[in-house]
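Okay, protein_20.pdb is below, PDB, C-alpha atoms, pLDDT in the B column:
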MODEL        1
ATOM      1  CA  MET A 147       0.000   0.000   0.000  1.00 53.00           C
ATOM      2  CA  GLY A 148       2.965   2.261  -0.421  1.00 60.00           C
ATOM      3  CA  ASP A 149       3.348   5.187   1.951  1.00 74.00           C
ATOM      4  CA  LEU A 150      -0.310   5.186   2.979  1.00 78.00           C
ATOM      5  CA  LYS A 151      -0.530   5.126   6.775  1.00 89.00           C
ATOM      6  CA  TYR A 152      -3.569   3.626   8.448  1.00 92.00           C
ATOM      7  CA  SER A 153      -4.602   2.272  11.806  1.00 95.00           C
ATOM      8  CA  ILE A 154      -7.579  -0.049  12.258  1.00 96.00           C
ATOM      9  CA  LEU A 155      -9.033   0.999  15.599  1.00 98.00           C
ATOM     10  CA  LYS A 156     -11.946  -1.446  15.744  1.00 98.00           C
ATOM     11  CA  THR A 157     -13.227  -4.314  13.594  1.00 97.00           C
ATOM     12  CA  LEU A 158     -17.033  -4.321  13.461  1.00 97.00           C
ATOM     13  CA  LEU A 159     -17.825  -7.009  10.842  1.00 97.00           C
ATOM     14  CA  VAL A 160     -15.826  -9.555   8.881  1.00 97.00           C
ATOM     15  CA  PHE A 161     -17.468 -11.023   5.785  1.00 96.00           C
ATOM     16  CA  PRO A 162     -16.660 -14.501   4.430  1.00 95.00           C
ATOM     17  CA  GLU A 163     -13.510 -14.853   2.373  1.00 92.00           C
ATOM     18  CA  SER A 164     -13.770 -14.899  -1.414  1.00 87.00           C
ATOM     19  CA  GLY A 165     -10.462 -16.154  -2.770  1.00 93.00           C
ATOM     20  CA  LYS A 166      -7.599 -13.923  -1.643  1.00 95.00           C
ATOM     21  CA  TRP A 167      -9.933 -11.227  -0.261  1.00 97.00           C
ATOM     22  CA  HIS A 168     -12.481 -10.742   2.484  1.00 97.00           C
ATOM     23  CA  LYS A 169     -14.437  -7.592   3.300  1.00 97.00           C
ATOM     24  CA  GLU A 170     -14.326  -5.881   6.666  1.00 98.00           C
ATOM     25  CA  LEU A 171     -16.260  -3.041   8.214  1.00 97.00           C
ATOM     26  CA  THR A 172     -13.821  -1.245  10.482  1.00 98.00           C
ATOM     27  CA  LEU A 173     -13.269   2.015  12.271  1.00 98.00           C
ATOM     28  CA  THR A 174     -10.053   3.201  10.633  1.00 97.00           C
ATOM     29  CA  ARG A 175      -7.803   6.226  10.851  1.00 97.00           C
ATOM     30  CA  TRP A 176      -6.258   7.033   7.460  1.00 93.00           C
ATOM     31  CA  GLY A 177      -3.152   9.162   7.868  1.00 93.00           C
ATOM     32  CA  GLU A 178      -3.693  11.952  10.380  1.00 92.00           C
ATOM     33  CA  LYS A 179      -7.404  12.334   9.606  1.00 93.00           C
ATOM     34  CA  ASP A 180     -10.246  11.640  12.017  1.00 96.00           C
ATOM     35  CA  PRO A 181     -11.308   7.962  12.134  1.00 97.00           C
ATOM     36  CA  LYS A 182     -14.088   6.895   9.771  1.00 97.00           C
ATOM     37  CA  TYR A 183     -16.073   3.737   9.206  1.00 98.00           C
ATOM     38  CA  ASP A 184     -14.500   1.836   6.358  1.00 98.00           C
ATOM     39  CA  LEU A 185     -15.814  -1.035   4.223  1.00 98.00           C
ATOM     40  CA  ARG A 186     -13.284  -2.628   1.877  1.00 97.00           C
ATOM     41  CA  PRO A 187     -11.672  -5.916   0.842  1.00 97.00           C
ATOM     42  CA  TRP A 188      -8.452  -6.926   2.615  1.00 96.00           C
ATOM     43  CA  ASN A 189      -6.075  -9.831   2.190  1.00 96.00           C
ATOM     44  CA  LYS A 190      -5.538 -12.203   5.131  1.00 93.00           C
ATOM     45  CA  ASP A 191      -2.819 -10.217   6.899  1.00 93.00           C
ATOM     46  CA  ARG A 192      -4.189  -6.759   5.985  1.00 91.00           C
ATOM     47  CA  SER A 193      -1.042  -5.888   4.065  1.00 90.00           C
ATOM     48  CA  GLU A 194      -3.067  -5.197   0.893  1.00 93.00           C
ATOM     49  CA  CYS A 195      -6.507  -3.729   0.302  1.00 94.00           C
ATOM     50  CA  LEU A 196      -8.740  -2.841  -2.604  1.00 95.00           C
ATOM     51  CA  LYS A 197     -10.939   0.199  -3.134  1.00 96.00           C
ATOM     52  CA  GLY A 198     -13.672   0.634  -0.585  1.00 97.00           C
ATOM     53  CA  ILE A 199     -15.886   3.277   0.932  1.00 97.00           C
ATOM     54  CA  THR A 200     -15.489   5.413   4.027  1.00 97.00           C
ATOM     55  CA  LEU A 201     -18.420   6.772   5.992  1.00 97.00           C
ATOM     56  CA  THR A 202     -18.820   9.195   8.850  1.00 97.00           C
ATOM     57  CA  LYS A 203     -20.814   8.022  11.858  1.00 96.00           C
ATOM     58  CA  GLU A 204     -23.797  10.019  10.592  1.00 97.00           C
ATOM     59  CA  GLU A 205     -23.575   8.394   7.150  1.00 97.00           C
ATOM     60  CA  LEU A 206     -23.317   4.924   8.720  1.00 96.00           C
ATOM     61  CA  VAL A 207     -26.458   5.604  10.787  1.00 95.00           C
ATOM     62  CA  ILE A 208     -28.336   6.611   7.599  1.00 96.00           C
ATOM     63  CA  LEU A 209     -27.123   3.437   5.865  1.00 94.00           C
ATOM     64  CA  LYS A 210     -28.092   1.252   8.841  1.00 93.00           C
ATOM     65  CA  ASP A 211     -31.572   2.789   9.014  1.00 94.00           C
ATOM     66  CA  GLY A 212     -32.020   2.452   5.260  1.00 94.00           C
ATOM     67  CA  LEU A 213     -30.929  -1.197   5.191  1.00 92.00           C
ATOM     68  CA  GLY A 214     -33.433  -2.030   7.916  1.00 90.00           C
ATOM     69  CA  GLY A 215     -36.266  -1.254   5.498  1.00 87.00           C
ATOM     70  CA  ILE A 216     -35.021  -3.407   2.615  1.00 90.00           C
ATOM     71  CA  ASP A 217     -36.697  -6.758   2.000  1.00 88.00           C
ATOM     72  CA  LEU A 218     -34.207  -9.384   0.881  1.00 84.00           C
TER      73      LEU A 218
ENDMDL
END
Let me see the structure of the file written as structure tokens.
Amino acid sequence: MGDLKYSILKTLLVFPESGKWHKELTLTRWGEKDPKYDLRPWNKDRSECLKGITLTKEELVILKDGLGGIDL
């Protein structure tokens, strides 16, 4: 991941592995920025990741509320 500095402060969900990758929802600090909720694929030892999304707490609450109303 090059010079990108990150610190995973809390792991909230780990999704099943799909080949080399598995998705995680974490509370992550990227660089010196405030921590955000982060959903992205990681390899087993978290040395590599793919593109994901970051959400503020407010955005995560909106997503959680919205998902509660979806029929699967």
*Name every residue that the PyMOL selection byres ((chain A and resi 200-210) around 8) selects in this structure, writing the answer as a PyMOL selection string with chains first and numbers rising.*
chain A and resi 182-185+198-199+211-214
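The two atoms in question, atom CA of A:Lys151 and atom CA of A:Ser193, are spaced 11.4 Å apart.
Note that the spacing between atom CA of A:Ile154 and atom CA of A:Asn189 amounts to 14.1 Å.
Note that atom CA of A:Asp149 and atom CA of A:Trp167 are 21.2 Å apart.
With all atoms listed in the file as the atoms that count, the minimum distance from A:Asp191 to the choices A:Thr174, A:Ile216, A:His168, A:Lys156 is reached by A:His168.
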Take every atom of stretch 162-177 of chain A listed in the file, pad by 3 Å on each side, and give me the axis-aligned box centre and edge lengths in Å, one decimal, as AutoDock Vina command-line options.
--center_x -9.9 --center_y -3.5 --center_z 4.8 --size_x 19.5 --size_y 31.3 --size_z 21.0
*Evaluate the PyMOL selection byres ((chain A and resi 196) around 6) on the structure here and hand back the selected residues as a ChimeraX atom specification.*
/A:187,195,197
*Using only C-alpha atoms, determine which residues lie at most 8 Å from A:Lys169, disregarding the query and same-chain residues fewer than 5 positions distant; provide the list as a ChimeraX atom specification.*
/A:160-163,185-188
Produce a file of the selected residues containing C-alpha atoms, as a PDB file, keeping the file's coordinate frame.
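Saved to selection-v9.pdb:
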ATOM      1  CA  VAL A 160     -15.826  -9.555   8.881  1.00 97.00           C
ATOM      2  CA  PHE A 161     -17.468 -11.023   5.785  1.00 96.00           C
ATOM      3  CA  PRO A 162     -16.660 -14.501   4.430  1.00 95.00           C
ATOM      4  CA  GLU A 163     -13.510 -14.853   2.373  1.00 92.00           C
ATOM      5  CA  LEU A 185     -15.814  -1.035   4.223  1.00 98.00           C
ATOM      6  CA  ARG A 186     -13.284  -2.628   1.877  1.00 97.00           C
ATOM      7  CA  PRO A 187     -11.672  -5.916   0.842  1.00 97.00           C
ATOM      8  CA  TRP A 188      -8.452  -6.926   2.615  1.00 96.00           C
TER       9      TRP A 188
END
_Residues returned when the PyMOL selection byres ((chain A and resi 153) around 9) runs on this file, as an MDAnalysis selection string_ = chainID A and resid 151:152 154:155 173:177 181
Those same residues - C-alpha atoms - I'd like them written as a JSON list (two decimals), keeping the file's coordinate frame.
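Okay, this is what ended up in again.json:
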[["chain", "number", "residue", "atom", "x", "y", "z"],
["A", 151, "LYS", "CA", -0.53, 5.13, 6.78],
["A", 152, "TYR", "CA", -3.57, 3.63, 8.45],
["A", 154, "ILE", "CA", -7.58, -0.05, 12.26],
["A", 155, "LEU", "CA", -9.03, 1.00, 15.60],
["A", 173, "LEU", "CA", -13.27, 2.02, 12.27],
["A", 174, "THR", "CA", -10.05, 3.20, 10.63],
["A", 175, "ARG", "CA", -7.80, 6.23, 10.85],
["A", 176, "TRP", "CA", -6.26, 7.03, 7.46],
["A", 177, "GLY", "CA", -3.15, 9.16, 7.87],
["A", 181, "PRO", "CA", -11.31, 7.96, 12.13]]
Would you fill out stretch 169-198 of chain A with N, CA and C atoms and return it as a compact mmCIF listing (two decimals), in the coordinates of the input?
# COMPACT_ATOMS: atom_id res chain seq x y z
N LYS A 169 -14.05 -8.97 2.98
CA LYS A 169 -14.44 -7.59 3.30
C LYS A 169 -14.54 -7.43 4.81
N GLU A 170 -14.20 -6.23 5.25
CA GLU A 170 -14.33 -5.88 6.67
C GLU A 170 -14.94 -4.50 6.79
N LEU A 171 -15.78 -4.36 7.80
CA LEU A 171 -16.26 -3.04 8.21
C LEU A 171 -15.48 -2.70 9.47
N THR A 172 -14.70 -1.62 9.38
CA THR A 172 -13.82 -1.25 10.48
C THR A 172 -13.95 0.24 10.79
N LEU A 173 -13.48 0.61 11.94
CA LEU A 173 -13.27 2.02 12.27
C LEU A 173 -11.78 2.24 12.07
N THR A 174 -11.44 3.07 11.08
CA THR A 174 -10.05 3.20 10.63
C THR A 174 -9.63 4.66 10.58
N ARG A 175 -8.41 4.91 11.00
CA ARG A 175 -7.80 6.23 10.85
C ARG A 175 -6.85 6.14 9.66
N TRP A 176 -7.12 6.96 8.64
CA TRP A 176 -6.26 7.03 7.46
C TRP A 176 -5.38 8.27 7.60
N GLY A 177 -4.08 8.05 7.69
CA GLY A 177 -3.15 9.16 7.87
C GLY A 177 -3.41 9.85 9.20
N GLU A 178 -3.47 11.16 9.16
CA GLU A 178 -3.69 11.95 10.38
C GLU A 178 -5.15 12.40 10.50
N LYS A 179 -6.00 11.91 9.62
CA LYS A 179 -7.40 12.33 9.61
C LYS A 179 -8.19 11.68 10.74
N ASP A 180 -9.36 12.24 11.02
CA ASP A 180 -10.25 11.64 12.02
C ASP A 180 -10.66 10.25 11.56
N PRO A 181 -10.87 9.31 12.50
CA PRO A 181 -11.31 7.96 12.13
C PRO A 181 -12.66 7.99 11.43
N LYS A 182 -12.82 7.07 10.47
CA LYS A 182 -14.09 6.90 9.77
C LYS A 182 -14.39 5.41 9.67
N TYR A 183 -15.66 5.12 9.43
CA TYR A 183 -16.07 3.74 9.21
C TYR A 183 -15.71 3.37 7.78
N ASP A 184 -15.12 2.21 7.62
CA ASP A 184 -14.50 1.84 6.36
C ASP A 184 -14.94 0.43 5.97
N LEU A 185 -15.43 0.28 4.74
CA LEU A 185 -15.81 -1.03 4.22
C LEU A 185 -15.00 -1.29 2.97
N ARG A 186 -14.13 -2.33 3.03
CA ARG A 186 -13.28 -2.63 1.88
C ARG A 186 -12.75 -4.05 1.97
N PRO A 187 -12.31 -4.60 0.84
CA PRO A 187 -11.67 -5.92 0.84
C PRO A 187 -10.22 -5.83 1.31
N TRP A 188 -9.82 -6.80 2.12
CA TRP A 188 -8.45 -6.93 2.62
C TRP A 188 -7.95 -8.34 2.33
N ASN A 189 -6.63 -8.49 2.23
CA ASN A 189 -6.08 -9.83 2.19
C ASN A 189 -5.98 -10.33 3.63
N LYS A 190 -5.51 -11.57 3.80
CA LYS A 190 -5.54 -12.20 5.13
C LYS A 190 -4.79 -11.43 6.20
N ASP A 191 -3.62 -10.89 5.87
CA ASP A 191 -2.82 -10.22 6.90
C ASP A 191 -2.96 -8.69 6.87
N ARG A 192 -3.91 -8.20 6.11
CA ARG A 192 -4.19 -6.76 5.98
C ARG A 192 -3.01 -5.96 5.43
N SER A 193 -2.15 -6.61 4.68
CA SER A 193 -1.04 -5.89 4.07
C SER A 193 -1.44 -5.29 2.72
N GLU A 194 -2.56 -5.73 2.16
CA GLU A 194 -3.07 -5.20 0.89
C GLU A 194 -4.57 -5.00 1.01
N CYS A 195 -5.06 -3.95 0.34
CA CYS A 195 -6.51 -3.73 0.30
C CYS A 195 -6.90 -3.24 -1.08
N LEU A 196 -8.17 -3.35 -1.36
CA LEU A 196 -8.74 -2.84 -2.60
C LEU A 196 -9.57 -1.60 -2.29
N LYS A 197 -10.10 -0.99 -3.33
CA LYS A 197 -10.94 0.20 -3.13
C LYS A 197 -12.15 -0.14 -2.28
N GLY A 198 -12.52 0.81 -1.45
CA GLY A 198 -13.67 0.63 -0.58
C GLY A 198 -14.38 1.96 -0.41
